[in-house]
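What follows is a set of notes on a single structure, which appears directly below.
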Amino acid sequence: MQNKPLFNDPSIFPSEEKLQNVLGKNYIIFAEMSKNLTENFGLIFQWKYYNDSKAWLCKVSFKNKTVFWLSIWDGFFRTSFYFLERHLEGVAALETDENSFTIEKEWGKMIPLIFNISQNKQLRDLYTIVEFKKNLK
């Protein structure tokens with residue numbers, strides 16, 4: 001598996017058409033997720049090219065809070081949530097399938113929780129984590 005997200009050219013915006021081409025059959029999952037998070041969770045999607053990661057990333061936020069970062073990979077999309085260690089107990093208490101995501105090594109004081117989404121069934125757990133993150137103080 002590659003270790004870099006796609007959309008590495010700052011001049012090529014990840015348009016709907018380009019996302020469809022890269023995600024293939026998984027674009028339907030991406031579109032459903034985007035629509036649901038916008039309409040039912042009030043989240044805002046903002047694409048921007050970031051020089052530090054050399055890729056287009058989508059910041060997904062609620063009001064002034066970043067809920068997660070989204071990146072596009074070959075055939076799937078990745079959501080990256082960042083939590084403080086004190087929030088992990090709350091995450092563990094959620095009713096989620098622990099196989100839906102991975103919790104990775106600390107990044108500074110933040111701990112990444114990563115979904116590599118390629119199956120519709122992962123969305124239920126994603127929505128659970130989104131709701132948890134939205135309500136953190």
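In the structure tokens, chains take letters A, B, ... by order of appearance, with residues numbered from 1 within each chain and ligands from 1 in the order shown.
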
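Every residue of segment 7-52 of chain A with a DSSP assignment of alpha helix (DSSP H), taken from the backbone, is listed as Glu16, Glu17, Lys18, Leu19, Gln20, Asn21, Val22, Leu23, Tyr27, Ile28, Ile29, Phe30, Ala31, Glu32, Met33, Ser34, Lys35, Asn36, Leu37, Thr38, Glu39, Asn40 and Phe41 of chain A.
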
Store the residues picked out above in a file with C-alpha atoms, as a JSON list (two decimals), in the first residue's frame.
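Once written, selection_31.json looks like this:
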[["chain", "number", "residue", "atom", "x", "y", "z"],
["A", 16, "GLU", "CA", -16.15, 15.79, -7.75],
["A", 17, "GLU", "CA", -15.20, 14.32, -11.13],
["A", 18, "LYS", "CA", -11.59, 13.71, -10.08],
["A", 19, "LEU", "CA", -12.72, 12.18, -6.79],
["A", 20, "GLN", "CA", -15.03, 9.81, -8.70],
["A", 21, "ASN", "CA", -12.15, 8.75, -10.96],
["A", 22, "VAL", "CA", -9.77, 8.03, -8.08],
["A", 23, "LEU", "CA", -12.21, 6.44, -5.62],
["A", 27, "TYR", "CA", -17.05, 7.26, -4.42],
["A", 28, "ILE", "CA", -20.65, 6.31, -3.53],
["A", 29, "ILE", "CA", -19.55, 5.82, 0.10],
["A", 30, "PHE", "CA", -17.68, 9.14, 0.03],
["A", 31, "ALA", "CA", -20.69, 11.00, -1.41],
["A", 32, "GLU", "CA", -23.08, 9.46, 1.14],
["A", 33, "MET", "CA", -20.74, 10.38, 4.00],
["A", 34, "SER", "CA", -20.25, 13.95, 2.78],
["A", 35, "LYS", "CA", -23.97, 14.53, 2.31],
["A", 36, "ASN", "CA", -24.90, 13.05, 5.69],
["A", 37, "LEU", "CA", -22.22, 14.95, 7.61],
["A", 38, "THR", "CA", -23.20, 18.22, 5.94],
["A", 39, "GLU", "CA", -26.97, 17.87, 6.24],
["A", 40, "ASN", "CA", -27.35, 15.98, 9.54],
["A", 41, "PHE", "CA", -24.23, 16.91, 11.52]]

>> Give me the residues near segment 125-127 of chain A as a VMD selection string, where near means some atom within 12 Å (using only C-alpha atoms) and where sequence neighbours in that chain fewer than 2 positions away do not count.
In response: chain A and resid 29 to 30 32 to 34 36 to 38 40 to 41 43 67 to 68 78 to 81 91 94 to 102 113 to 117 119 to 123 129 to 134

Next, write the just-selected residues to a file, as a JSON list (two decimals), in the first residue's frame, keeping C-alpha atoms as the atom set.
[["chain", "number", "residue", "atom", "x", "y", "z"],
["A", 29, "ILE", "CA", -19.55, 5.82, 0.10],
["A", 30, "PHE", "CA", -17.68, 9.14, 0.03],
["A", 32, "GLU", "CA", -23.08, 9.46, 1.14],
["A", 33, "MET", "CA", -20.74, 10.38, 4.00],
["A", 34, "SER", "CA", -20.25, 13.95, 2.78],
["A", 36, "ASN", "CA", -24.90, 13.05, 5.69],
["A", 37, "LEU", "CA", -22.22, 14.95, 7.61],
["A", 38, "THR", "CA", -23.20, 18.22, 5.94],
["A", 40, "ASN", "CA", -27.35, 15.98, 9.54],
["A", 41, "PHE", "CA", -24.23, 16.91, 11.52],
["A", 43, "LEU", "CA", -20.12, 19.88, 9.22],
["A", 67, "VAL", "CA", -13.54, 17.48, 13.68],
["A", 68, "PHE", "CA", -11.26, 15.53, 11.33],
["A", 78, "ARG", "CA", -8.87, 8.40, 5.05],
["A", 79, "THR", "CA", -10.28, 10.38, 7.94],
["A", 80, "SER", "CA", -7.88, 11.42, 10.68],
["A", 81, "PHE", "CA", -9.25, 12.49, 14.06],
["A", 91, "VAL", "CA", -13.55, 6.83, 22.73],
["A", 94, "LEU", "CA", -18.28, 4.24, 22.51],
["A", 95, "GLU", "CA", -20.15, 1.43, 20.80],
["A", 96, "THR", "CA", -17.88, 0.98, 17.81],
["A", 97, "ASP", "CA", -16.20, -1.89, 16.02],
["A", 98, "GLU", "CA", -12.54, -1.62, 16.93],
["A", 99, "ASN", "CA", -11.67, -3.04, 13.50],
["A", 100, "SER", "CA", -13.17, 0.04, 11.78],
["A", 101, "PHE", "CA", -10.27, 2.29, 12.73],
["A", 102, "THR", "CA", -6.77, 2.34, 14.16],
["A", 113, "LEU", "CA", -7.55, 7.86, 15.24],
["A", 114, "ILE", "CA", -7.61, 6.81, 11.58],
["A", 115, "PHE", "CA", -10.37, 5.38, 9.38],
["A", 116, "ASN", "CA", -9.32, 4.00, 5.98],
["A", 117, "ILE", "CA", -12.79, 3.92, 4.50],
["A", 119, "GLN", "CA", -16.74, -0.13, 3.12],
["A", 120, "ASN", "CA", -20.15, 1.35, 3.80],
["A", 121, "LYS", "CA", -20.37, -0.41, 7.19],
["A", 122, "GLN", "CA", -17.53, 1.79, 8.51],
["A", 123, "LEU", "CA", -19.71, 4.90, 8.27],
["A", 129, "ILE", "CA", -16.73, 9.27, 16.50],
["A", 130, "VAL", "CA", -17.85, 12.50, 14.75],
["A", 131, "GLU", "CA", -20.64, 13.01, 17.30],
["A", 132, "PHE", "CA", -18.20, 12.34, 20.18],
["A", 133, "LYS", "CA", -15.62, 14.78, 18.79],
["A", 134, "LYS", "CA", -18.24, 17.49, 18.11]]

>> For a quick check of understanding, using only C-alpha atoms, which of A:Val60, A:Leu70, A:Ala93, A:Leu136 has the smallest distance to Leu6 of chain A?
In response: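 Smallest separation from Leu6 of chain A among the options: A:Leu70.
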
>> Please report the interatomic distance between atom CA of Trp47 of chain A and atom CA of Pro14 of chain A in Å with one decimal.
In response: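 Interatomic distance, atom CA of Trp47 of chain A to atom CA of Pro14 of chain A: 7.9 Å.
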
Find the spatial neighbours of segment 106-112 of chain A, counting only C-alpha atoms, within a cut-off of 6 Å - ignore same-chain residues fewer than 4 positions away - and output them as a PDB file with C-alpha atoms, in the first residue's frame.
ATOM      1  CA  PHE A  81      -9.246  12.491  14.061  1.00  0.00           C
ATOM      2  CA  TYR A  82      -6.887  13.821  16.730  1.00  0.00           C
ATOM      3  CA  PHE A  83      -7.558  13.334  20.436  1.00  0.00           C
ATOM      4  CA  LEU A  84      -5.765  14.108  23.662  1.00  0.00           C
TER       5      LEU A  84
END

> Where does DSSP see strand (DSSP E or B) in segment 37-69 of chain A, if you list the residues as number ranges by chain?
Replying inline: A: 44-50, 55-62, 65-69

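What separates atom CA of Tyr49 of chain A from atom CA of Ile72 of chain A is a distance of 12.4 Å.
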
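The protein and nucleic acid residues lying at most 10 Å from Gln46 of chain A are Leu57, Cys58, Lys59, Val60, Ser61, Trp69 and Leu70 of chain A, with only C-alpha atoms considered and sequence neighbours fewer than 6 positions away removed.
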
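Atom to atom, atom CA of His87 of chain A and atom CA of Lys63 of chain A stand 20.2 Å apart.
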